[in-house]
>>> print(open('entry.cif').read())   # mmCIF, C-alpha atoms
data_protein
loop_
_atom_site.label_atom_id
_atom_site.label_comp_id
_atom_site.auth_asym_id
_atom_site.auth_seq_id
_atom_site.Cartn_x
_atom_site.Cartn_y
_atom_site.Cartn_z
CA MET A 1 30.47 29.28 29.47
CA ALA A 2 29.07 26.02 30.68
CA ILE A 3 31.23 24.26 33.18
CA GLN A 4 29.67 20.90 33.51
CA ARG A 5 30.72 18.51 36.14
CA ALA A 6 31.75 15.22 34.61
CA GLN A 7 30.56 12.24 36.60
CA PRO A 8 33.60 10.95 38.45
CA ALA A 9 34.43 7.30 37.86
CA GLU A 10 33.33 4.93 40.59
CA GLY A 11 35.35 5.18 43.77
CA GLU A 12 37.21 8.21 42.49
CA GLN A 13 37.33 11.33 44.62
CA PRO A 14 36.20 14.46 42.80
CA ASP A 15 39.45 16.04 41.79
CA ARG A 16 41.03 18.80 43.81
CA TRP A 17 42.12 20.26 40.50
CA GLU A 18 38.55 20.43 39.32
CA ALA A 19 37.53 22.13 42.56
CA GLN A 20 40.22 24.78 41.97
CA LEU A 21 39.09 25.24 38.40
CA ARG A 22 35.50 25.76 39.44
CA LYS A 23 36.49 28.13 42.21
CA GLY A 24 38.45 30.22 39.74
CA ALA A 25 35.53 30.31 37.37
CA VAL A 26 33.01 31.38 40.00
CA GLU A 27 34.29 34.93 40.22
CA MET A 28 34.16 35.44 36.50
CA ALA A 29 30.70 33.87 36.44
CA ALA A 30 29.47 36.13 39.24
CA LEU A 31 30.73 39.20 37.40
CA ALA A 32 29.17 37.93 34.16
CA SER A 33 25.77 37.45 35.79
CA LEU A 34 25.69 41.20 36.48
CA TRP A 35 26.50 42.22 32.91
CA GLN A 36 22.84 42.96 32.10
CA GLY A 37 22.07 44.82 35.30
CA ARG A 38 21.86 44.65 39.07
CA LEU A 39 20.92 41.45 40.92
CA TYR A 40 20.86 40.39 44.56
CA GLY A 41 22.72 37.36 45.91
CA LEU A 42 19.99 34.75 45.51
CA GLU A 43 19.27 35.97 41.98
CA ILE A 44 22.96 35.62 41.11
CA ILE A 45 22.94 32.03 42.43
CA ARG A 46 19.81 31.18 40.44
CA PHE A 47 21.12 32.93 37.34
CA LEU A 48 24.33 30.89 37.48
CA GLU A 49 22.41 27.63 37.99
CA SER A 50 20.07 28.25 35.08
CA HIS A 51 22.63 29.70 32.64
CA SER A 52 25.72 27.64 33.29
CA GLN A 53 24.92 24.57 35.42
CA LEU A 54 27.41 26.16 37.77
CA ALA A 55 25.73 24.92 40.90
CA LEU A 56 27.71 26.14 43.86
CA ALA A 57 27.59 25.84 47.57
CA GLU A 58 25.61 28.94 48.40
CA GLY A 59 27.99 29.79 51.18
CA THR A 60 30.76 30.36 48.62
CA ILE A 61 29.18 33.11 46.59
CA TYR A 62 28.57 35.69 49.33
CA PRO A 63 32.17 35.97 50.56
CA ILE A 64 33.25 36.20 46.91
CA LEU A 65 30.81 39.04 46.25
CA ASN A 66 32.14 40.73 49.37
CA ARG A 67 35.70 40.46 48.10
CA LEU A 68 34.83 41.65 44.58
CA LYS A 69 33.18 44.66 46.16
CA ALA A 70 36.25 45.36 48.30
CA GLU A 71 38.35 45.18 45.14
CA GLY A 72 36.16 47.85 43.59
CA LEU A 73 34.74 45.62 40.86
CA LEU A 74 31.21 45.71 42.28
CA THR A 75 29.07 48.21 44.12
CA SER A 76 26.04 47.38 46.21
CA GLU A 77 22.88 49.07 47.42
CA TRP A 78 20.07 48.04 49.72
CA VAL A 79 16.65 48.12 48.10
CA GLU A 80 13.33 47.64 49.88
CA SER A 81 11.33 44.74 48.52
CA GLU A 82 7.74 43.59 48.64
CA ALA A 83 8.98 40.64 50.72
CA GLY A 84 9.20 42.95 53.74
CA HIS A 85 12.98 43.03 54.08
CA PRO A 86 15.53 44.95 52.01
CA ARG A 87 17.81 43.10 49.60
CA LYS A 88 21.41 43.86 48.77
CA TYR A 89 21.74 44.44 45.05
CA TYR A 90 25.08 44.25 43.31
CA SER A 91 26.11 45.92 40.08
CA LEU A 92 29.33 46.13 38.10
CA THR A 93 31.53 49.19 38.38
CA ASP A 94 33.45 50.46 35.35
CA ALA A 95 36.52 48.65 36.69
CA GLY A 96 34.41 45.50 37.02
CA ARG A 97 33.22 45.72 33.40
CA GLN A 98 36.77 46.27 32.26
CA ARG A 99 38.07 43.31 34.27
CA LEU A 100 35.25 41.05 33.10
CA ARG A 101 35.95 41.92 29.47
CA LEU A 102 39.61 40.98 29.92
CA MET A 103 38.67 37.79 31.74
CA ALA A 104 36.21 36.81 29.02
CA GLU A 105 38.82 37.32 26.30
CA ALA A 106 41.43 35.33 28.21
CA TRP A 107 38.96 32.58 29.02
CA THR A 108 37.72 32.25 25.44
CA SER A 109 41.13 32.02 23.86
CA PHE A 110 42.42 29.72 26.61
CA SER A 111 39.49 27.31 26.54
CA GLY A 112 39.35 27.34 22.73
CA GLY A 113 42.99 26.30 22.55
CA LEU A 114 42.55 23.61 25.17
CA SER A 115 39.44 22.20 23.51
CA ARG A 116 41.37 21.67 20.28
CA LEU A 117 44.13 20.03 22.26
CA LEU A 118 41.72 17.73 24.06
CA GLU A 119 39.68 16.73 21.01
CA PRO A 120 41.77 13.59 20.27
CA VAL A 121 41.60 12.53 23.91
CA LEU A 122 37.84 12.49 23.92
CA THR A 123 37.41 10.80 20.51
CA LYS A 124 39.93 8.08 21.39
CA LYS A 125 38.04 7.34 24.57
CA GLU A 126 34.93 6.61 22.50
CA LYS A 127 36.83 4.14 20.27
CA HIS A 128 37.98 2.15 23.28
CA GLN A 129 34.48 1.58 24.52
CA MET B 130 12.35 24.94 66.94
CA THR B 131 10.42 27.34 64.73
CA THR B 132 11.80 28.54 61.43
CA GLU B 133 12.39 32.02 62.84
CA MET B 134 14.35 30.60 65.77
CA GLN B 135 16.50 28.46 63.49
CA ILE B 136 17.30 31.48 61.34
CA ASP B 137 18.09 33.59 64.39
CA SER B 138 20.40 31.02 65.90
CA TYR B 139 22.27 30.65 62.58
CA LEU B 140 22.67 34.43 62.29
CA THR B 141 23.79 34.71 65.91
CA ALA B 142 26.47 32.09 65.32
CA LEU B 143 27.52 33.88 62.13
CA ARG B 144 27.79 37.23 63.93
CA LEU B 145 29.83 35.62 66.69
CA HIS B 146 32.36 34.08 64.30
CA LEU B 147 32.67 37.26 62.26
CA GLY B 148 34.19 38.83 65.38
CA PRO B 149 37.36 40.44 63.99
CA LEU B 150 35.52 42.43 61.30
CA THR B 151 34.22 45.94 61.93
CA ILE B 152 30.69 46.18 63.33
CA ALA B 153 29.43 47.80 60.13
CA GLU B 154 30.87 45.03 57.95
CA ARG B 155 29.56 42.36 60.27
CA GLU B 156 26.02 43.70 60.44
CA GLU B 157 25.88 44.12 56.68
CA ILE B 158 26.92 40.50 56.16
CA VAL B 159 24.43 39.21 58.73
CA ARG B 160 21.66 41.29 57.15
CA GLU B 161 22.49 39.99 53.68
CA ILE B 162 22.64 36.33 54.73
CA GLY B 163 19.41 36.83 56.70
CA ALA B 164 17.70 38.17 53.58
CA HIS B 165 19.04 35.22 51.59
CA ILE B 166 17.63 32.71 54.07
CA ARG B 167 14.23 34.41 54.29
CA ASP B 168 13.95 34.76 50.51
CA SER B 169 14.85 31.10 50.01
CA VAL B 170 12.37 29.94 52.65
CA GLU B 171 9.62 32.12 51.20
CA SER B 172 10.19 30.61 47.78
CA GLY B 173 9.37 27.19 49.23
CA ALA B 174 12.63 25.65 50.43
CA SER B 175 12.80 24.20 53.93
CA VAL B 176 14.92 26.17 56.35
CA GLU B 177 17.04 23.07 57.04
CA SER B 178 17.99 22.68 53.39
CA VAL B 179 18.72 26.39 53.01
CA LEU B 180 21.03 26.38 56.03
CA ALA B 181 22.68 23.17 54.84
CA ARG B 182 23.47 24.74 51.47
CA LEU B 183 24.98 27.76 53.18
CA GLY B 184 27.19 25.47 55.25
CA PRO B 185 28.02 25.82 58.96
CA ALA B 186 27.97 29.45 60.17
CA GLU B 187 31.52 29.03 61.39
CA GLU B 188 32.82 28.06 57.93
CA LEU B 189 30.89 30.79 56.19
CA ALA B 190 32.33 33.34 58.62
CA ALA B 191 35.82 31.91 58.08
CA GLN B 192 35.56 32.54 54.34
CA TYR B 193 34.71 36.19 54.99
CA ARG B 194 37.45 36.52 57.59
CA ASP B 195 40.14 35.03 55.35
CA GLY B 196 39.31 37.45 52.58
CA VAL B 197 39.42 40.44 54.91
CA LEU B 198 42.54 39.26 56.78
CA ILE B 199 44.57 38.69 53.63
CA ARG B 200 43.31 41.87 51.97
CA GLN B 201 44.13 44.05 54.99
CA ALA B 202 47.51 42.43 55.52
CA SER B 203 48.54 42.86 51.90
CA ARG B 204 48.18 46.61 52.46
CA SER B 205 49.92 46.71 55.81
CA PHE B 206 53.57 46.82 56.85
CA SER B 207 53.14 45.16 60.22
CA PRO B 208 55.16 41.93 60.41
CA VAL B 209 52.61 40.51 62.86
CA LYS B 210 49.70 41.08 60.46
CA LEU B 211 51.70 39.82 57.50
CA LEU B 212 52.84 36.67 59.29
CA ARG B 213 49.35 35.96 60.58
CA ALA B 214 47.92 36.24 57.06
CA ALA B 215 50.74 34.06 55.73
CA LEU B 216 49.95 31.48 58.39
CA ARG B 217 46.32 31.53 57.29
CA LEU B 218 47.47 31.02 53.72
CA ALA B 219 49.69 28.17 54.90
CA THR B 220 46.66 26.24 56.10
CA LYS B 221 45.27 26.39 52.58
CA SER B 222 48.13 25.73 50.18
CA VAL B 223 51.70 24.55 49.78
CA PHE B 224 52.52 27.98 48.44
CA GLY B 225 51.26 29.42 51.72
CA ILE B 226 53.48 27.09 53.76
CA PHE B 227 56.45 28.22 51.67
CA VAL B 228 55.59 31.89 52.14
CA PHE B 229 55.13 31.48 55.88
CA THR B 230 58.40 29.57 56.32
CA CYS B 231 60.39 32.10 54.29
CA GLY B 232 58.68 34.93 56.17
CA LEU B 233 59.50 33.46 59.55
CA PHE B 234 63.11 32.86 58.51
CA GLY B 235 63.49 36.34 57.00
CA TYR B 236 62.08 38.13 60.02
CA SER B 237 64.06 36.14 62.59
CA PHE B 238 67.33 36.43 60.69
CA GLY B 239 66.77 40.15 60.07
CA ALA B 240 65.91 40.77 63.71
CA GLY B 241 68.96 38.69 64.70
CA LEU B 242 71.25 40.94 62.66
CA LEU B 243 69.81 44.06 64.31
CA PHE B 244 70.41 42.40 67.65
CA VAL B 245 74.05 41.78 66.74
CA ALA B 246 74.50 45.49 65.93
CA LEU B 247 73.09 46.39 69.32
CA ALA B 248 75.19 43.76 71.07
CA LYS B 249 78.38 45.26 69.63
CA ILE B 250 77.61 48.46 71.51
CA PHE B 251 77.01 46.79 74.86
CA VAL B 252 79.27 43.72 74.78
CA PRO B 253 81.88 44.55 72.13
CA SER B 254 84.29 41.78 73.04
CA HIS B 255 81.62 39.13 72.64
CA THR B 256 80.39 40.39 69.28
CA GLY B 257 82.08 40.17 65.91
CA ALA B 258 83.24 37.91 63.12
CA TRP B 259 86.14 35.61 63.94
CA VAL B 260 88.53 34.19 61.39
CA GLN B 261 90.93 31.31 61.89
CA ASP B 262 93.32 30.06 59.19
CA GLY B 263 91.55 32.14 56.56
CA ARG B 264 88.12 30.66 57.39
CA LEU B 265 85.22 32.34 59.10
CA VAL B 266 84.62 30.33 62.26
CA ALA B 267 82.03 32.42 64.10
CA ALA B 268 79.98 35.54 63.51
CA GLY B 269 77.43 37.20 65.73
CA ALA B 270 77.02 37.84 69.44
CA PHE B 271 78.03 35.10 71.86
CA GLU B 272 77.68 34.53 75.54
CA TYR B 273 81.16 32.98 75.64
CA GLY B 274 83.06 35.05 73.13
CA TYR B 275 86.62 33.86 73.61
CA LEU B 276 88.17 31.91 70.74
CA PRO B 277 91.93 31.72 71.46
CA GLN B 278 93.21 30.90 67.95
CA ALA B 279 90.80 33.07 66.01
CA HIS B 280 90.96 36.81 65.54
CA GLU B 281 88.10 39.21 65.13
CA VAL B 282 88.12 40.96 61.75
CA LEU B 283 85.23 43.41 61.56
CA GLY B 284 85.65 45.57 64.64
CA LEU B 285 83.10 48.35 64.81
CA TRP B 286 82.27 47.87 61.14
CA ILE B 287 79.96 45.11 62.23
CA ILE B 288 77.47 47.74 63.46
CA PRO B 289 76.68 49.44 60.13
CA LEU B 290 77.04 46.12 58.32
CA ALA B 291 74.57 44.25 60.53
CA LEU B 292 72.19 47.22 60.64
CA THR B 293 72.13 47.51 56.86
CA LEU B 294 71.84 43.79 56.15
CA GLY B 295 69.24 43.31 58.90
CA SER B 296 67.07 46.20 57.72
CA LEU B 297 67.35 45.11 54.12
CA LEU B 298 66.34 41.57 55.04
CA LEU B 299 63.35 42.80 57.06
CA LEU B 300 62.21 45.07 54.24
CA LEU B 301 62.71 42.35 51.66
CA THR B 302 60.69 39.88 53.76
CA ASN B 303 57.92 42.44 54.16
CA TYR B 304 57.88 43.10 50.44
CA LEU B 305 57.85 39.42 49.50
CA ILE B 306 55.00 38.50 51.87
CA ARG B 307 52.87 41.40 50.64
CA LYS B 308 53.59 40.42 47.09
CA SER B 309 52.67 36.78 47.79
CA LEU B 310 49.43 37.72 49.52
CA ARG B 311 48.39 39.86 46.57
CA LEU B 312 49.34 37.07 44.22
CA SER B 313 47.29 34.56 46.19
CA GLN B 314 44.27 36.85 45.97
CA ARG B 315 44.69 37.20 42.24
CA TRP B 316 45.00 33.44 41.84
CA GLN B 317 41.70 33.08 43.54
CA SER B 318 40.04 35.65 41.36
CA LYS B 319 41.52 34.74 37.99
CA LEU B 320 42.17 31.57 36.08
#
>>> encode(input="entry.cif", output="structure tokens")
Amino acid sequence: MAIQRAQPAEGEQPDRWEAQLRKGAVEMAALASLWQGRLYGLEIIRFLESHSQLALAEGTIYPILNRLKAEGLLTSEWVESEAGHPRKYYSLTDAGRQRLRLMAEAWTSFSGGLSRLLEPVLTKKEKHQ
Amino acid sequence: MTTEMQIDSYLTALRLHLGPLTIAEREEIVREIGAHIRDSVESGASVESVLARLGPAEELAAQYRDGVLIRQASRSFSPVKLLRAALRLATKSVFGIFVFTCGLFGYSFGAGLLFVALAKIFVPSHTGAWVQDGRLVAAGAFEYGYLPQAHEVLGLWIIPLALTLGSLLLLLTNYLIRKSLRLSQRWQSKL
């Protein structure tokens, strides 16, 4: 599920399309990070960075978590920590698990198909160089 | 400024810009972001870099507000709420501009038709549909209603006709905006 950011060519603005793509992937990634159990916001951010190179502006993830919770895909609870302040832990609801499973299936078949389609594009590029 | 003061001023700004949300929602968000900042600082990051990665408090609050605004509106029937959410959507995408324009048109035309039905009751001679040489030349309610060569064809039938068409148009506009708002949410959450 790695979504690596290709280095944009010199002088080229990072694509709006790519930004949209990443934004769409963030929700699925956030849900996926909770598959094994509950995490709090900062742990989700770190999990995504270490497992998928999906480095995101930290301001983006919290409103998304808020929305996923409002949609009933996540629940949250405040848990006291040794740090002295409570942390808000998120976990998947049954609906969230269900949705994530569907998203994962759609993503896998979609990206598999596209990768095959794009194979010639990438090999041709190497020949030119 | 000490670290604690910087955190407090960020959270105060955030709370301020989260204005339209309920107090409970707002405090929960502020508490969560506060915990995020403190955890990040305790793990060694400088408070400046943590706040920079979160982005300006105003923008962070706007992301929360948009989500709530669009979600609430997509469940409501109020034209004001729906149009406001559509306007918000219009600042973000071409699709939103389209939705807002259609919504504005649908509501004004629908309301106009209801007005015509009312006008027929109060100023019957100025309200109607006029035909001249087999062509429709004017329809609606007019301040100066006298067209010498044309004759009015609908009579009182214009009342039920305008009421029905107007209501249908208003309902259809409502339905389409709600549908579009839901769609826009799903686009954000799915690929």
>>> resolve_selection(input="entry.cif", expression="the PyMOL selection byres ((chain B) within 10 of (chain A))", output="compact mmCIF listing (two decimals) with C-alpha atoms, in the coordinates of the input")
# COMPACT_ATOMS: atom_id res chain seq x y z
CA GLU B 154 30.87 45.03 57.95
CA GLU B 157 25.88 44.12 56.68
CA ILE B 158 26.92 40.50 56.16
CA ARG B 160 21.66 41.29 57.15
CA GLU B 161 22.49 39.99 53.68
CA ILE B 162 22.64 36.33 54.73
CA GLY B 163 19.41 36.83 56.70
CA ALA B 164 17.70 38.17 53.58
CA HIS B 165 19.04 35.22 51.59
CA ILE B 166 17.63 32.71 54.07
CA ARG B 167 14.23 34.41 54.29
CA ASP B 168 13.95 34.76 50.51
CA SER B 169 14.85 31.10 50.01
CA GLU B 171 9.62 32.12 51.20
CA VAL B 179 18.72 26.39 53.01
CA LEU B 180 21.03 26.38 56.03
CA ALA B 181 22.68 23.17 54.84
CA ARG B 182 23.47 24.74 51.47
CA LEU B 183 24.98 27.76 53.18
CA GLY B 184 27.19 25.47 55.25
CA PRO B 185 28.02 25.82 58.96
CA ALA B 186 27.97 29.45 60.17
CA GLU B 188 32.82 28.06 57.93
CA LEU B 189 30.89 30.79 56.19
CA ALA B 190 32.33 33.34 58.62
CA ALA B 191 35.82 31.91 58.08
CA GLN B 192 35.56 32.54 54.34
CA TYR B 193 34.71 36.19 54.99
CA ARG B 194 37.45 36.52 57.59
CA ASP B 195 40.14 35.03 55.35
CA GLY B 196 39.31 37.45 52.58
CA VAL B 197 39.42 40.44 54.91
CA ARG B 200 43.31 41.87 51.97
CA GLN B 314 44.27 36.85 45.97
CA ARG B 315 44.69 37.20 42.24
CA TRP B 316 45.00 33.44 41.84
CA GLN B 317 41.70 33.08 43.54
CA SER B 318 40.04 35.65 41.36
CA LYS B 319 41.52 34.74 37.99
CA LEU B 320 42.17 31.57 36.08
>>> atom_distance(input="entry.cif", atom1="atom CA of A:Glu18", atom2="atom CA of A:Leu54")
12.6 Å
>>> axis_aligned_box(input="entry.cif", around="stretch 255-265 of chain B", padding_each_side="3 Å", output="JSON")
{"center_x": 86.9, "center_y": 35.2, "center_z": 64.6, "size_x": 18.9, "size_y": 16.3, "size_z": 22.1}
>>> resolve_selection(input="entry.cif", expression="the PyMOL selection byres ((chain B and resi 246-260) around 12)", output="MDAnalysis selection string")
chainID B and resid 239:245 261:296
>>> residues_near_point(input="entry.cif", point="(57.8, 39.0, 61.0)", cutoff="10 Å", atoms="all atoms listed in the file", output="NGL selection string")
:B and (206-213 or 229 or 231-240 or 299 or 302-303 or 306)
>>> resolve_selection(input="entry.cif", expression="the PyMOL selection byres ((chain A and resi 96) around 8)", output="count of residues only")
12
>>> atom_distance(input="entry.cif", atom1="atom CA of A:Arg16", atom2="atom CA of B:Ile226")
18.0 Å
>>> atom_distance(input="entry.cif", atom1="atom CA of A:Gln36", atom2="atom CA of A:Thr75")
14.5 Å
>>> build_atoms(input="entry.cif", residues="stretch 212-238 of chain B", atoms="N, CA and C atoms", output="PDB file, keeping the file's coordinate frame")
ATOM      1  N   LEU B 212      52.577  38.066  58.946  1.00  0.00           N
ATOM      2  CA  LEU B 212      52.840  36.670  59.290  1.00  0.00           C
ATOM      3  C   LEU B 212      51.538  35.929  59.585  1.00  0.00           C
ATOM      4  N   ARG B 213      50.609  36.617  60.246  1.00  0.00           N
ATOM      5  CA  ARG B 213      49.350  35.960  60.580  1.00  0.00           C
ATOM      6  C   ARG B 213      48.587  35.594  59.292  1.00  0.00           C
ATOM      7  N   ALA B 214      48.594  36.528  58.328  1.00  0.00           N
ATOM      8  CA  ALA B 214      47.920  36.240  57.060  1.00  0.00           C
ATOM      9  C   ALA B 214      48.639  35.119  56.313  1.00  0.00           C
ATOM     10  N   ALA B 215      49.978  35.123  56.401  1.00  0.00           N
ATOM     11  CA  ALA B 215      50.740  34.060  55.730  1.00  0.00           C
ATOM     12  C   ALA B 215      50.438  32.710  56.364  1.00  0.00           C
ATOM     13  N   LEU B 216      50.273  32.719  57.683  1.00  0.00           N
ATOM     14  CA  LEU B 216      49.950  31.480  58.390  1.00  0.00           C
ATOM     15  C   LEU B 216      48.585  30.962  57.939  1.00  0.00           C
ATOM     16  N   ARG B 217      47.655  31.886  57.768  1.00  0.00           N
ATOM     17  CA  ARG B 217      46.320  31.530  57.290  1.00  0.00           C
ATOM     18  C   ARG B 217      46.415  30.903  55.891  1.00  0.00           C
ATOM     19  N   LEU B 218      47.258  31.505  55.082  1.00  0.00           N
ATOM     20  CA  LEU B 218      47.470  31.020  53.720  1.00  0.00           C
ATOM     21  C   LEU B 218      48.103  29.632  53.758  1.00  0.00           C
ATOM     22  N   ALA B 219      48.973  29.445  54.774  1.00  0.00           N
ATOM     23  CA  ALA B 219      49.690  28.170  54.900  1.00  0.00           C
ATOM     24  C   ALA B 219      48.745  27.015  55.197  1.00  0.00           C
ATOM     25  N   THR B 220      47.606  27.317  55.829  1.00  0.00           N
ATOM     26  CA  THR B 220      46.660  26.240  56.100  1.00  0.00           C
ATOM     27  C   THR B 220      45.906  25.846  54.841  1.00  0.00           C
ATOM     28  N   LYS B 221      46.065  26.664  53.780  1.00  0.00           N
ATOM     29  CA  LYS B 221      45.270  26.390  52.580  1.00  0.00           C
ATOM     30  C   LYS B 221      46.075  25.862  51.408  1.00  0.00           C
ATOM     31  N   SER B 222      47.373  26.173  51.354  1.00  0.00           N
ATOM     32  CA  SER B 222      48.130  25.730  50.180  1.00  0.00           C
ATOM     33  C   SER B 222      49.600  25.545  50.494  1.00  0.00           C
ATOM     34  N   VAL B 223      50.264  24.765  49.652  1.00  0.00           N
ATOM     35  CA  VAL B 223      51.700  24.550  49.780  1.00  0.00           C
ATOM     36  C   VAL B 223      52.437  25.870  49.598  1.00  0.00           C
ATOM     37  N   PHE B 224      51.948  26.665  48.661  1.00  0.00           N
ATOM     38  CA  PHE B 224      52.520  27.980  48.440  1.00  0.00           C
ATOM     39  C   PHE B 224      52.519  28.795  49.731  1.00  0.00           C
ATOM     40  N   GLY B 225      51.384  28.700  50.463  1.00  0.00           N
ATOM     41  CA  GLY B 225      51.260  29.420  51.720  1.00  0.00           C
ATOM     42  C   GLY B 225      52.278  28.947  52.747  1.00  0.00           C
ATOM     43  N   ILE B 226      52.489  27.636  52.815  1.00  0.00           N
ATOM     44  CA  ILE B 226      53.480  27.090  53.760  1.00  0.00           C
ATOM     45  C   ILE B 226      54.858  27.652  53.431  1.00  0.00           C
ATOM     46  N   PHE B 227      55.168  27.684  52.136  1.00  0.00           N
ATOM     47  CA  PHE B 227      56.450  28.220  51.670  1.00  0.00           C
ATOM     48  C   PHE B 227      56.594  29.692  52.067  1.00  0.00           C
ATOM     49  N   VAL B 228      55.552  30.464  51.817  1.00  0.00           N
ATOM     50  CA  VAL B 228      55.590  31.890  52.140  1.00  0.00           C
ATOM     51  C   VAL B 228      55.792  32.097  53.637  1.00  0.00           C
ATOM     52  N   PHE B 229      55.037  31.322  54.424  1.00  0.00           N
ATOM     53  CA  PHE B 229      55.130  31.480  55.880  1.00  0.00           C
ATOM     54  C   PHE B 229      56.527  31.119  56.381  1.00  0.00           C
ATOM     55  N   THR B 230      57.071  29.996  55.880  1.00  0.00           N
ATOM     56  CA  THR B 230      58.400  29.570  56.320  1.00  0.00           C
ATOM     57  C   THR B 230      59.456  30.610  55.969  1.00  0.00           C
ATOM     58  N   CYS B 231      59.426  31.075  54.711  1.00  0.00           N
ATOM     59  CA  CYS B 231      60.390  32.100  54.290  1.00  0.00           C
ATOM     60  C   CYS B 231      60.220  33.362  55.129  1.00  0.00           C
ATOM     61  N   GLY B 232      58.954  33.723  55.397  1.00  0.00           N
ATOM     62  CA  GLY B 232      58.680  34.930  56.170  1.00  0.00           C
ATOM     63  C   GLY B 232      59.262  34.823  57.571  1.00  0.00           C
ATOM     64  N   LEU B 233      59.012  33.681  58.192  1.00  0.00           N
ATOM     65  CA  LEU B 233      59.500  33.460  59.550  1.00  0.00           C
ATOM     66  C   LEU B 233      61.030  33.539  59.567  1.00  0.00           C
ATOM     67  N   PHE B 234      61.660  32.867  58.602  1.00  0.00           N
ATOM     68  CA  PHE B 234      63.110  32.860  58.510  1.00  0.00           C
ATOM     69  C   PHE B 234      63.639  34.278  58.280  1.00  0.00           C
ATOM     70  N   GLY B 235      63.042  34.982  57.331  1.00  0.00           N
ATOM     71  CA  GLY B 235      63.490  36.340  57.000  1.00  0.00           C
ATOM     72  C   GLY B 235      63.395  37.276  58.174  1.00  0.00           C
ATOM     73  N   TYR B 236      62.260  37.232  58.876  1.00  0.00           N
ATOM     74  CA  TYR B 236      62.080  38.130  60.020  1.00  0.00           C
ATOM     75  C   TYR B 236      63.043  37.779  61.157  1.00  0.00           C
ATOM     76  N   SER B 237      63.188  36.465  61.452  1.00  0.00           N
ATOM     77  CA  SER B 237      64.060  36.140  62.590  1.00  0.00           C
ATOM     78  C   SER B 237      65.507  36.453  62.271  1.00  0.00           C
ATOM     79  N   PHE B 238      65.951  36.169  61.054  1.00  0.00           N
ATOM     80  CA  PHE B 238      67.330  36.430  60.690  1.00  0.00           C
ATOM     81  C   PHE B 238      67.601  37.948  60.664  1.00  0.00           C
TER      82      PHE B 238
END
